[in-house]
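J.: One file: final31.cif (mmCIF, N, CA and C atoms).
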```cif
data_final
#
loop_
_atom_site.label_atom_id
_atom_site.label_comp_id
_atom_site.auth_asym_id
_atom_site.auth_seq_id
_atom_site.Cartn_x
_atom_site.Cartn_y
_atom_site.Cartn_z
N MET A 1 84.53 202.31 192.01
CA MET A 1 84.63 202.06 190.58
C MET A 1 85.61 200.92 190.34
N LYS A 2 85.21 199.96 189.51
CA LYS A 2 86.04 198.80 189.25
C LYS A 2 87.17 199.12 188.28
N PHE A 3 88.33 198.49 188.52
CA PHE A 3 89.48 198.68 187.64
C PHE A 3 90.28 197.40 187.60
N GLU A 4 91.14 197.31 186.61
CA GLU A 4 92.13 196.24 186.51
C GLU A 4 93.50 196.89 186.50
N VAL A 5 94.48 196.20 187.06
CA VAL A 5 95.85 196.68 187.03
C VAL A 5 96.51 196.06 185.80
N GLU A 6 97.12 196.89 184.98
CA GLU A 6 97.74 196.41 183.74
C GLU A 6 99.09 197.10 183.55
N THR A 7 100.09 196.30 183.16
CA THR A 7 101.39 196.89 182.81
C THR A 7 101.39 197.08 181.30
N LEU A 8 101.38 198.34 180.88
CA LEU A 8 101.40 198.64 179.44
C LEU A 8 102.84 198.58 178.96
N PRO A 9 103.04 198.05 177.75
CA PRO A 9 104.39 198.01 177.20
C PRO A 9 104.80 199.36 176.63
N ASN A 10 106.03 199.47 176.16
CA ASN A 10 106.42 200.66 175.39
C ASN A 10 105.58 200.65 174.13
N TYR A 11 105.00 201.79 173.81
CA TYR A 11 104.23 201.93 172.58
C TYR A 11 104.94 202.91 171.67
N ARG A 12 105.06 202.56 170.40
CA ARG A 12 105.50 203.50 169.37
C ARG A 12 104.23 204.10 168.80
N LEU A 13 104.21 205.42 168.66
CA LEU A 13 102.98 206.11 168.30
C LEU A 13 103.13 206.99 167.06
N ALA A 14 102.10 207.01 166.26
CA ALA A 14 101.91 208.05 165.24
C ALA A 14 100.83 208.95 165.82
N TYR A 15 101.05 210.28 165.79
CA TYR A 15 100.06 211.13 166.45
C TYR A 15 99.88 212.48 165.77
N VAL A 16 98.72 213.08 166.10
CA VAL A 16 98.37 214.44 165.68
C VAL A 16 98.17 215.21 166.98
N ARG A 17 98.76 216.39 167.07
CA ARG A 17 98.69 217.20 168.31
C ARG A 17 97.89 218.47 168.07
N ARG A 18 97.16 218.85 169.10
CA ARG A 18 96.45 220.12 169.15
C ARG A 18 96.87 220.82 170.44
N VAL A 19 97.13 222.12 170.38
CA VAL A 19 97.45 222.91 171.56
C VAL A 19 96.32 223.91 171.77
N GLY A 20 95.74 223.90 172.95
CA GLY A 20 94.64 224.79 173.27
C GLY A 20 93.75 224.16 174.32
N PRO A 21 92.69 224.84 174.70
CA PRO A 21 91.81 224.32 175.74
C PRO A 21 91.25 222.95 175.35
N TYR A 22 91.20 222.05 176.32
CA TYR A 22 90.60 220.74 176.07
C TYR A 22 89.10 220.91 175.86
N GLY A 23 88.53 220.07 175.01
CA GLY A 23 87.10 220.15 174.76
C GLY A 23 86.75 219.56 173.42
N SER A 24 85.67 220.06 172.85
CA SER A 24 85.12 219.48 171.62
C SER A 24 86.08 219.59 170.42
N ALA A 25 87.00 220.54 170.44
CA ALA A 25 87.96 220.67 169.33
C ALA A 25 88.88 219.45 169.24
N ASN A 26 88.99 218.70 170.34
CA ASN A 26 89.82 217.48 170.31
C ASN A 26 89.25 216.45 169.34
N ILE A 27 87.94 216.50 169.11
CA ILE A 27 87.31 215.56 168.18
C ILE A 27 87.89 215.74 166.78
N GLU A 28 88.15 216.98 166.37
CA GLU A 28 88.72 217.26 165.05
C GLU A 28 90.10 216.62 164.91
N VAL A 29 90.88 216.65 165.98
CA VAL A 29 92.22 216.06 165.97
C VAL A 29 92.11 214.54 165.79
N MET A 30 91.16 213.94 166.49
CA MET A 30 90.95 212.50 166.38
C MET A 30 90.52 212.14 164.96
N GLN A 31 89.68 212.97 164.36
CA GLN A 31 89.23 212.71 162.98
C GLN A 31 90.40 212.79 162.00
N LYS A 32 91.32 213.74 162.22
CA LYS A 32 92.51 213.84 161.36
C LYS A 32 93.35 212.58 161.46
N LEU A 33 93.53 212.08 162.68
CA LEU A 33 94.31 210.85 162.87
C LEU A 33 93.63 209.68 162.17
N LYS A 34 92.34 209.54 162.34
CA LYS A 34 91.61 208.42 161.71
C LYS A 34 91.67 208.51 160.19
N LYS A 35 91.58 209.73 159.64
CA LYS A 35 91.67 209.91 158.19
C LYS A 35 93.06 209.49 157.71
N TRP A 36 94.11 209.90 158.42
CA TRP A 36 95.48 209.52 158.06
C TRP A 36 95.63 208.00 158.11
N ALA A 37 95.14 207.39 159.19
CA ALA A 37 95.27 205.93 159.34
C ALA A 37 94.54 205.20 158.22
N LYS A 38 93.37 205.68 157.86
CA LYS A 38 92.60 205.04 156.78
C LYS A 38 93.35 205.15 155.46
N GLU A 39 93.91 206.33 155.18
CA GLU A 39 94.69 206.51 153.94
C GLU A 39 95.90 205.58 153.89
N LYS A 40 96.48 205.30 155.05
CA LYS A 40 97.67 204.43 155.13
C LYS A 40 97.29 202.97 155.35
N GLU A 41 95.97 202.71 155.40
CA GLU A 41 95.44 201.36 155.62
C GLU A 41 95.96 200.76 156.93
N LEU A 42 95.98 201.60 157.97
CA LEU A 42 96.43 201.16 159.30
C LEU A 42 95.23 201.06 160.24
N THR A 43 95.24 200.04 161.06
CA THR A 43 94.23 199.88 162.11
C THR A 43 94.95 199.56 163.40
N GLY A 44 94.24 199.62 164.49
CA GLY A 44 94.83 199.26 165.77
C GLY A 44 94.32 200.10 166.90
N THR A 45 95.03 200.06 167.99
CA THR A 45 94.65 200.77 169.20
C THR A 45 94.89 202.26 169.06
N ILE A 46 93.87 203.03 169.42
CA ILE A 46 93.96 204.49 169.41
C ILE A 46 94.02 204.98 170.85
N LEU A 47 94.88 205.95 171.08
CA LEU A 47 95.01 206.57 172.40
C LEU A 47 94.70 208.05 172.29
N ALA A 48 93.95 208.57 173.23
CA ALA A 48 93.73 210.01 173.37
C ALA A 48 94.49 210.41 174.62
N ILE A 49 95.45 211.32 174.46
CA ILE A 49 96.31 211.68 175.58
C ILE A 49 96.24 213.19 175.83
N GLN A 50 95.76 213.53 177.01
CA GLN A 50 95.81 214.92 177.45
C GLN A 50 97.13 215.07 178.18
N GLN A 51 98.08 215.73 177.53
CA GLN A 51 99.45 215.78 178.04
C GLN A 51 99.62 216.66 179.27
N ASP A 52 98.69 217.57 179.50
CA ASP A 52 98.86 218.54 180.58
C ASP A 52 97.67 218.53 181.53
N ASN A 53 97.92 218.88 182.77
CA ASN A 53 96.87 219.00 183.77
C ASN A 53 96.26 220.39 183.64
N PRO A 54 94.98 220.47 183.27
CA PRO A 54 94.38 221.79 183.05
C PRO A 54 94.22 222.62 184.32
N THR A 55 94.45 222.02 185.48
CA THR A 55 94.40 222.81 186.71
C THR A 55 95.73 223.49 187.01
N THR A 56 96.80 223.04 186.32
CA THR A 56 98.12 223.66 186.55
C THR A 56 98.74 224.24 185.27
N THR A 57 98.09 224.03 184.13
CA THR A 57 98.58 224.55 182.85
C THR A 57 97.52 225.47 182.27
N LEU A 58 97.93 226.62 181.78
CA LEU A 58 96.98 227.53 181.15
C LEU A 58 96.27 226.82 180.01
N PRO A 59 94.95 227.03 179.85
CA PRO A 59 94.20 226.33 178.80
C PRO A 59 94.83 226.47 177.41
N GLU A 60 95.35 227.67 177.09
CA GLU A 60 95.91 227.86 175.74
C GLU A 60 97.21 227.10 175.53
N ASN A 61 97.79 226.54 176.60
CA ASN A 61 99.03 225.76 176.49
C ASN A 61 98.83 224.25 176.64
N CYS A 62 97.58 223.81 176.85
CA CYS A 62 97.31 222.38 177.03
C CYS A 62 97.47 221.63 175.71
N ARG A 63 98.18 220.50 175.79
CA ARG A 63 98.45 219.68 174.60
C ARG A 63 97.59 218.42 174.62
N PHE A 64 96.93 218.17 173.47
CA PHE A 64 96.13 216.96 173.28
C PHE A 64 96.69 216.19 172.10
N ASP A 65 96.97 214.90 172.30
CA ASP A 65 97.48 214.05 171.23
C ASP A 65 96.49 212.93 170.92
N ALA A 66 96.13 212.80 169.65
CA ALA A 66 95.37 211.65 169.17
C ALA A 66 96.41 210.72 168.54
N CYS A 67 96.51 209.49 169.06
CA CYS A 67 97.61 208.59 168.71
C CYS A 67 97.11 207.25 168.19
N LEU A 68 97.90 206.67 167.32
CA LEU A 68 97.69 205.30 166.86
C LEU A 68 98.94 204.52 167.20
N VAL A 69 98.77 203.38 167.87
CA VAL A 69 99.91 202.51 168.17
C VAL A 69 100.36 201.88 166.86
N ILE A 70 101.65 202.03 166.56
CA ILE A 70 102.20 201.48 165.30
C ILE A 70 103.33 200.50 165.62
N SER A 71 103.62 199.65 164.65
CA SER A 71 104.67 198.65 164.84
C SER A 71 106.05 199.30 164.77
N GLU A 72 107.03 198.61 165.31
CA GLU A 72 108.40 199.13 165.32
C GLU A 72 108.95 199.33 163.91
N ASP A 73 108.49 198.52 162.95
CA ASP A 73 109.06 198.59 161.61
C ASP A 73 108.27 199.50 160.66
N TYR A 74 107.17 200.11 161.12
CA TYR A 74 106.41 200.99 160.24
C TYR A 74 107.22 202.26 159.96
N GLN A 75 107.32 202.62 158.69
CA GLN A 75 108.06 203.81 158.27
C GLN A 75 107.13 205.03 158.27
N VAL A 76 107.36 205.93 159.20
CA VAL A 76 106.55 207.14 159.32
C VAL A 76 107.06 208.19 158.34
N ASP A 77 106.13 208.88 157.68
CA ASP A 77 106.54 209.96 156.76
C ASP A 77 106.26 211.32 157.41
N ASP A 78 106.47 212.38 156.67
CA ASP A 78 106.35 213.74 157.21
C ASP A 78 104.90 214.18 157.45
N SER A 79 103.93 213.36 157.09
CA SER A 79 102.54 213.77 157.23
C SER A 79 101.99 213.56 158.64
N ILE A 80 102.80 212.97 159.54
CA ILE A 80 102.34 212.67 160.89
C ILE A 80 103.53 212.77 161.86
N CYS A 81 103.23 213.03 163.12
CA CYS A 81 104.29 213.06 164.14
C CYS A 81 104.52 211.65 164.67
N GLU A 82 105.71 211.43 165.20
CA GLU A 82 106.05 210.13 165.77
C GLU A 82 106.51 210.32 167.20
N GLY A 83 106.12 209.39 168.07
CA GLY A 83 106.52 209.47 169.46
C GLY A 83 106.52 208.11 170.11
N GLU A 84 106.73 208.12 171.42
CA GLU A 84 106.76 206.87 172.18
C GLU A 84 106.10 207.10 173.52
N LEU A 85 105.47 206.06 174.01
CA LEU A 85 104.90 206.07 175.35
C LEU A 85 105.64 205.01 176.14
N ALA A 86 106.25 205.42 177.25
CA ALA A 86 107.04 204.50 178.06
C ALA A 86 106.15 203.52 178.81
N ALA A 87 106.65 202.31 178.98
CA ALA A 87 105.94 201.26 179.69
C ALA A 87 105.67 201.68 181.13
N GLY A 88 104.67 201.08 181.73
CA GLY A 88 104.39 201.37 183.12
C GLY A 88 103.13 200.70 183.60
N GLU A 89 102.87 200.83 184.89
CA GLU A 89 101.70 200.23 185.51
C GLU A 89 100.54 201.22 185.48
N TYR A 90 99.37 200.73 185.11
CA TYR A 90 98.18 201.56 184.97
C TYR A 90 96.99 200.88 185.62
N LEU A 91 96.11 201.70 186.19
CA LEU A 91 94.79 201.22 186.57
C LEU A 91 93.90 201.49 185.38
N VAL A 92 93.20 200.45 184.90
CA VAL A 92 92.39 200.55 183.69
C VAL A 92 90.91 200.45 184.06
N TYR A 93 90.17 201.50 183.72
CA TYR A 93 88.74 201.58 183.99
C TYR A 93 87.99 201.51 182.68
N LYS A 94 87.06 200.57 182.55
CA LYS A 94 86.22 200.48 181.35
C LYS A 94 85.00 201.37 181.59
N VAL A 95 84.75 202.27 180.63
CA VAL A 95 83.73 203.31 180.80
C VAL A 95 82.89 203.41 179.53
N LYS A 96 81.58 203.66 179.71
CA LYS A 96 80.74 203.94 178.54
C LYS A 96 81.28 205.18 177.86
N HIS A 97 81.31 205.17 176.53
CA HIS A 97 81.90 206.27 175.76
C HIS A 97 80.87 207.36 175.50
N THR A 98 80.49 208.03 176.59
CA THR A 98 79.66 209.23 176.49
C THR A 98 80.37 210.31 177.30
N ALA A 99 80.15 211.55 176.93
CA ALA A 99 80.80 212.66 177.66
C ALA A 99 80.43 212.61 179.13
N GLU A 100 79.17 212.32 179.43
CA GLU A 100 78.71 212.30 180.82
C GLU A 100 79.39 211.17 181.61
N ASP A 101 79.43 209.96 181.06
CA ASP A 101 80.04 208.83 181.78
C ASP A 101 81.54 209.02 181.96
N ILE A 102 82.21 209.59 180.97
CA ILE A 102 83.65 209.84 181.10
C ILE A 102 83.90 210.90 182.18
N GLN A 103 83.08 211.94 182.22
CA GLN A 103 83.22 212.99 183.23
C GLN A 103 83.00 212.40 184.63
N ILE A 104 81.99 211.57 184.79
CA ILE A 104 81.73 210.93 186.09
C ILE A 104 82.90 210.04 186.48
N ALA A 105 83.45 209.30 185.51
CA ALA A 105 84.58 208.41 185.80
C ALA A 105 85.78 209.21 186.31
N TYR A 106 86.13 210.28 185.61
CA TYR A 106 87.27 211.10 186.04
C TYR A 106 87.05 211.64 187.44
N ALA A 107 85.83 212.05 187.75
CA ALA A 107 85.53 212.61 189.07
C ALA A 107 85.68 211.57 190.18
N SER A 108 85.45 210.30 189.88
CA SER A 108 85.51 209.28 190.93
C SER A 108 86.85 208.54 190.98
N ILE A 109 87.63 208.59 189.92
CA ILE A 109 88.91 207.86 189.88
C ILE A 109 89.90 208.42 190.91
N PHE A 110 90.12 209.70 190.89
CA PHE A 110 91.18 210.29 191.72
C PHE A 110 90.97 210.08 193.21
N PRO A 111 89.76 210.28 193.73
CA PRO A 111 89.57 210.05 195.16
C PRO A 111 89.81 208.58 195.57
N SER A 112 89.62 207.65 194.64
CA SER A 112 89.76 206.23 194.98
C SER A 112 91.20 205.72 194.93
N LEU A 113 92.11 206.47 194.31
CA LEU A 113 93.48 205.99 194.16
C LEU A 113 94.13 205.66 195.49
N GLN A 114 94.14 206.62 196.40
CA GLN A 114 94.81 206.43 197.68
C GLN A 114 94.17 205.29 198.47
N GLY A 115 92.86 205.20 198.44
CA GLY A 115 92.15 204.13 199.14
C GLY A 115 92.51 202.74 198.63
N ASN A 116 92.98 202.67 197.39
CA ASN A 116 93.39 201.40 196.81
C ASN A 116 94.91 201.19 196.87
N GLY A 117 95.63 202.09 197.58
CA GLY A 117 97.07 201.91 197.78
C GLY A 117 97.94 202.44 196.65
N TYR A 118 97.40 203.37 195.85
CA TYR A 118 98.14 203.91 194.71
C TYR A 118 98.20 205.43 194.78
N GLN A 119 99.18 205.97 194.08
CA GLN A 119 99.21 207.39 193.78
C GLN A 119 99.50 207.53 192.30
N ILE A 120 99.08 208.64 191.73
CA ILE A 120 99.27 208.84 190.30
C ILE A 120 100.76 209.00 190.01
N ASP A 121 101.21 208.38 188.93
CA ASP A 121 102.60 208.49 188.50
C ASP A 121 102.72 209.72 187.59
N ASN A 122 103.94 210.15 187.35
CA ASN A 122 104.19 211.35 186.57
C ASN A 122 104.20 211.04 185.07
N LYS A 123 103.07 210.57 184.58
CA LYS A 123 102.87 210.28 183.15
C LYS A 123 101.45 210.72 182.82
N PRO A 124 101.14 210.90 181.56
CA PRO A 124 99.78 211.32 181.21
C PRO A 124 98.77 210.19 181.37
N ILE A 125 97.54 210.59 181.64
CA ILE A 125 96.40 209.66 181.65
C ILE A 125 96.00 209.44 180.20
N LEU A 126 95.61 208.20 179.88
CA LEU A 126 95.26 207.84 178.51
C LEU A 126 93.79 207.45 178.42
N GLU A 127 93.19 207.73 177.31
CA GLU A 127 91.93 207.09 176.95
C GLU A 127 92.28 206.14 175.82
N ARG A 128 91.93 204.86 176.00
CA ARG A 128 92.31 203.84 175.02
C ARG A 128 91.06 203.31 174.32
N TYR A 129 91.18 203.21 172.99
CA TYR A 129 90.07 202.78 172.16
C TYR A 129 90.53 201.65 171.24
N THR A 130 89.81 200.52 171.29
CA THR A 130 90.01 199.46 170.30
C THR A 130 88.73 199.41 169.47
N GLU A 131 88.81 198.82 168.30
CA GLU A 131 87.65 198.78 167.41
C GLU A 131 86.46 198.11 168.10
N ASP A 132 86.72 197.00 168.80
CA ASP A 132 85.65 196.28 169.48
C ASP A 132 84.98 197.15 170.54
N MET A 133 85.78 197.87 171.32
CA MET A 133 85.21 198.73 172.35
C MET A 133 84.38 199.85 171.73
N VAL A 134 84.90 200.49 170.69
CA VAL A 134 84.19 201.59 170.05
C VAL A 134 82.86 201.11 169.48
N ASN A 135 82.89 199.93 168.85
CA ASN A 135 81.66 199.36 168.29
C ASN A 135 80.60 199.10 169.36
N ASN A 136 81.05 198.90 170.60
CA ASN A 136 80.13 198.64 171.71
C ASN A 136 79.99 199.86 172.63
N HIS A 137 80.46 201.02 172.17
CA HIS A 137 80.32 202.31 172.86
C HIS A 137 81.02 202.35 174.22
N TYR A 138 82.24 201.81 174.26
CA TYR A 138 83.06 201.85 175.47
C TYR A 138 84.44 202.38 175.13
N CYS A 139 85.15 202.84 176.16
CA CYS A 139 86.56 203.15 176.07
C CYS A 139 87.18 202.78 177.40
N GLU A 140 88.48 202.89 177.50
CA GLU A 140 89.16 202.62 178.75
C GLU A 140 89.94 203.87 179.16
N ILE A 141 89.86 204.22 180.42
CA ILE A 141 90.68 205.28 180.98
C ILE A 141 91.82 204.58 181.70
N CYS A 142 93.04 204.89 181.30
CA CYS A 142 94.23 204.25 181.86
C CYS A 142 95.00 205.28 182.67
N VAL A 143 95.06 205.06 183.99
CA VAL A 143 95.68 206.00 184.91
C VAL A 143 97.04 205.46 185.35
N PRO A 144 98.13 206.18 185.06
CA PRO A 144 99.46 205.71 185.46
C PRO A 144 99.61 205.80 186.98
N VAL A 145 100.07 204.71 187.58
CA VAL A 145 100.17 204.68 189.04
C VAL A 145 101.49 204.10 189.52
N LYS A 146 101.76 204.38 190.79
CA LYS A 146 102.85 203.75 191.50
C LYS A 146 102.34 203.50 192.91
N PRO A 147 102.98 202.59 193.66
CA PRO A 147 102.50 202.32 195.02
C PRO A 147 102.52 203.59 195.86
N LEU A 148 101.56 203.70 196.74
CA LEU A 148 101.44 204.85 197.61
C LEU A 148 102.66 204.94 198.53
N GLN A 149 103.31 206.10 198.56
CA GLN A 149 104.46 206.33 199.43
C GLN A 149 103.95 206.98 200.71
N ILE A 150 104.13 206.31 201.82
CA ILE A 150 103.67 206.84 203.11
C ILE A 150 104.86 207.39 203.87
N GLY A 151 104.69 208.59 204.42
CA GLY A 151 105.74 209.18 205.24
C GLY A 151 106.53 210.17 204.54
#
```
How would this structure read if it were set down as structure tokens?
T.:
Amino acid sequence: MKFEVETLPNYRLAYVRRVGPYGSANIEVMQKLKKWAKEKELTGTILAIQQDNPTTTLPENCRFDACLVISEDYQVDDSICEGELAAGEYLVYKVKHTAEDIQIAYASIFPSLQGNGYQIDNKPILERYTEDMVNNHYCEICVPVKPLQIG
């Protein structure tokens, strides 16, 4: 699977969180974020962040954040949560935005990391959406990485 290496900057985020099993209910969280952004006349990059690994976290404790990257000077009010995503190196995979293609991508990404000299870093994996990508039915899966430590 093809990827590009990208160093993401620190992102300031406005987000809506859902706690519970990952799945179709995450769509509702994304819709809440988009409604909030539209009311505030904000546009920009949207991130979907699954904060927990469902193989090591009970489904009822898994956190999903729908995020909008906001500027440093934007004044956040009480209607939304605010957070930050730390800068780091990511492998970025462009994927068709269908449930099937995203599932296939996730299944093939992890086995290829070590073969490409990387290991996953201790940060969440992101799905990144820009207006242009969404209009063309694509998204990006951004996997945080660090060089493979041998020995």
J.: Counting all atoms listed in the file, give me one row per residue of segment 9-48 of chain A with an atom at most 7 Å from an atom of segment 73-84 of chain A, showing the shortest contact pair and its distance in Å to one decimal, sorted by chain then residue number, as CSV.
T.:
```
residue,atom,partner,partner_atom,distance
A:Asn10,C,A:Glu84,C,6.5
A:Tyr11,C,A:Glu84,CA,4.4
A:Arg12,CA,A:Glu84,CA,4.6
A:Leu13,N,A:Gly83,C,3.8
A:Ala14,CA,A:Cys81,C,4.5
A:Tyr15,N,A:Cys81,C,3.9
A:Val16,N,A:Cys81,N,5.4
A:Arg17,N,A:Cys81,N,6.8
```
J.: Within 12 Å of Glu140 of chain A, counting only C-alpha atoms, which residues show up once you throw out same-chain ones fewer than 5 positions away? Write them as a compact mmCIF listing (two decimals) with N, CA and C atoms, in the frame of the given file, please.
T.:
```
# COMPACT_ATOMS: atom_id res chain seq x y z
N LYS A 2 85.21 199.96 189.51
CA LYS A 2 86.04 198.80 189.25
C LYS A 2 87.17 199.12 188.28
N PHE A 3 88.33 198.49 188.52
CA PHE A 3 89.48 198.68 187.64
C PHE A 3 90.28 197.40 187.60
N GLU A 4 91.14 197.31 186.61
CA GLU A 4 92.13 196.24 186.51
C GLU A 4 93.50 196.89 186.50
N GLU A 6 97.12 196.89 184.98
CA GLU A 6 97.74 196.41 183.74
C GLU A 6 99.09 197.10 183.55
N THR A 45 95.03 200.06 167.99
CA THR A 45 94.65 200.77 169.20
C THR A 45 94.89 202.26 169.06
N ILE A 46 93.87 203.03 169.42
CA ILE A 46 93.96 204.49 169.41
C ILE A 46 94.02 204.98 170.85
N LEU A 47 94.88 205.95 171.08
CA LEU A 47 95.01 206.57 172.40
C LEU A 47 94.70 208.05 172.29
N ALA A 48 93.95 208.57 173.23
CA ALA A 48 93.73 210.01 173.37
C ALA A 48 94.49 210.41 174.62
N ILE A 49 95.45 211.32 174.46
CA ILE A 49 96.31 211.68 175.58
C ILE A 49 96.24 213.19 175.83
N TYR A 90 99.37 200.73 185.11
CA TYR A 90 98.18 201.56 184.97
C TYR A 90 96.99 200.88 185.62
N LEU A 91 96.11 201.70 186.19
CA LEU A 91 94.79 201.22 186.57
C LEU A 91 93.90 201.49 185.38
N VAL A 92 93.20 200.45 184.90
CA VAL A 92 92.39 200.55 183.69
C VAL A 92 90.91 200.45 184.06
N TYR A 93 90.17 201.50 183.72
CA TYR A 93 88.74 201.58 183.99
C TYR A 93 87.99 201.51 182.68
N LYS A 94 87.06 200.57 182.55
CA LYS A 94 86.22 200.48 181.35
C LYS A 94 85.00 201.37 181.59
N VAL A 95 84.75 202.27 180.63
CA VAL A 95 83.73 203.31 180.80
C VAL A 95 82.89 203.41 179.53
N LYS A 96 81.58 203.66 179.71
CA LYS A 96 80.74 203.94 178.54
C LYS A 96 81.28 205.18 177.86
N HIS A 97 81.31 205.17 176.53
CA HIS A 97 81.90 206.27 175.76
C HIS A 97 80.87 207.36 175.50
N THR A 98 80.49 208.03 176.59
CA THR A 98 79.66 209.23 176.49
C THR A 98 80.37 210.31 177.30
N ASP A 101 79.43 209.96 181.06
CA ASP A 101 80.04 208.83 181.78
C ASP A 101 81.54 209.02 181.96
N ILE A 102 82.21 209.59 180.97
CA ILE A 102 83.65 209.84 181.10
C ILE A 102 83.90 210.90 182.18
N ALA A 105 83.45 209.30 185.51
CA ALA A 105 84.58 208.41 185.80
C ALA A 105 85.78 209.21 186.31
N TYR A 106 86.13 210.28 185.61
CA TYR A 106 87.27 211.10 186.04
C TYR A 106 87.05 211.64 187.44
N ILE A 125 97.54 210.59 181.64
CA ILE A 125 96.40 209.66 181.65
C ILE A 125 96.00 209.44 180.20
N LEU A 126 95.61 208.20 179.88
CA LEU A 126 95.26 207.84 178.51
C LEU A 126 93.79 207.45 178.42
N GLU A 127 93.19 207.73 177.31
CA GLU A 127 91.93 207.09 176.95
C GLU A 127 92.28 206.14 175.82
N ARG A 128 91.93 204.86 176.00
CA ARG A 128 92.31 203.84 175.02
C ARG A 128 91.06 203.31 174.32
N TYR A 129 91.18 203.21 172.99
CA TYR A 129 90.07 202.78 172.16
C TYR A 129 90.53 201.65 171.24
N THR A 130 89.81 200.52 171.29
CA THR A 130 90.01 199.46 170.30
C THR A 130 88.73 199.41 169.47
N ASP A 132 86.72 197.00 168.80
CA ASP A 132 85.65 196.28 169.48
C ASP A 132 84.98 197.15 170.54
N MET A 133 85.78 197.87 171.32
CA MET A 133 85.21 198.73 172.35
C MET A 133 84.38 199.85 171.73
N VAL A 134 84.90 200.49 170.69
CA VAL A 134 84.19 201.59 170.05
C VAL A 134 82.86 201.11 169.48
```
J.: To one decimal place in Å, what is the distance between atom CA of Gly20 of chain A and atom CA of Leu58 of chain A?
T.: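 For atom CA of Gly20 of chain A relative to atom CA of Leu58 of chain A, the distance reads 8.7 Å.
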J.: Just to confirm, what's the straight-line distance from atom CA of Leu148 of chain A to atom C of Thr57 of chain A in Å (one decimal)?
T.: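 Atom-to-atom, atom CA of Leu148 of chain A and atom C of Thr57 of chain A are spaced 26.0 Å apart.
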J.: How many Å lie between atom N of Pro59 of chain A and atom C of Pro21 of chain A, rounded to one decimal?
T.: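 Distance between the two atoms: 7.1 Å.
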J.: Care to translate the PyMOL selection byres (((chain A and resi 122 and name CA) around 12) and name CA) into actual residues of this file, as a compact mmCIF listing (two decimals) with N, CA and C atoms, in the coordinates of the input?
T.:
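Generated file (out-v6.txt):
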```txt
# COMPACT_ATOMS: atom_id res chain seq x y z
N GLN A 51 98.08 215.73 177.53
CA GLN A 51 99.45 215.78 178.04
C GLN A 51 99.62 216.66 179.27
N ASP A 52 98.69 217.57 179.50
CA ASP A 52 98.86 218.54 180.58
C ASP A 52 97.67 218.53 181.53
N ASN A 53 97.92 218.88 182.77
CA ASN A 53 96.87 219.00 183.77
C ASN A 53 96.26 220.39 183.64
N ALA A 86 106.25 205.42 177.25
CA ALA A 86 107.04 204.50 178.06
C ALA A 86 106.15 203.52 178.81
N GLY A 88 104.67 201.08 181.73
CA GLY A 88 104.39 201.37 183.12
C GLY A 88 103.13 200.70 183.60
N GLU A 89 102.87 200.83 184.89
CA GLU A 89 101.70 200.23 185.51
C GLU A 89 100.54 201.22 185.48
N TYR A 90 99.37 200.73 185.11
CA TYR A 90 98.18 201.56 184.97
C TYR A 90 96.99 200.88 185.62
N GLN A 119 99.18 205.97 194.08
CA GLN A 119 99.21 207.39 193.78
C GLN A 119 99.50 207.53 192.30
N ILE A 120 99.08 208.64 191.73
CA ILE A 120 99.27 208.84 190.30
C ILE A 120 100.76 209.00 190.01
N ASP A 121 101.21 208.38 188.93
CA ASP A 121 102.60 208.49 188.50
C ASP A 121 102.72 209.72 187.59
N LYS A 123 103.07 210.57 184.58
CA LYS A 123 102.87 210.28 183.15
C LYS A 123 101.45 210.72 182.82
N PRO A 124 101.14 210.90 181.56
CA PRO A 124 99.78 211.32 181.21
C PRO A 124 98.77 210.19 181.37
N ILE A 125 97.54 210.59 181.64
CA ILE A 125 96.40 209.66 181.65
C ILE A 125 96.00 209.44 180.20
N VAL A 143 95.06 205.06 183.99
CA VAL A 143 95.68 206.00 184.91
C VAL A 143 97.04 205.46 185.35
N PRO A 144 98.13 206.18 185.06
CA PRO A 144 99.46 205.71 185.46
C PRO A 144 99.61 205.80 186.98
N VAL A 145 100.07 204.71 187.58
CA VAL A 145 100.17 204.68 189.04
C VAL A 145 101.49 204.10 189.52
N LYS A 146 101.76 204.38 190.79
CA LYS A 146 102.85 203.75 191.50
C LYS A 146 102.34 203.50 192.91
```
J.: Would you give me, as a PyMOL selection string, the residues in chain A that DSSP reads as strand (DSSP E)?
T.: chain A and resi 4-8+11-19+46-50+63-70+81-85+88-96+118-120+126-129+138-147
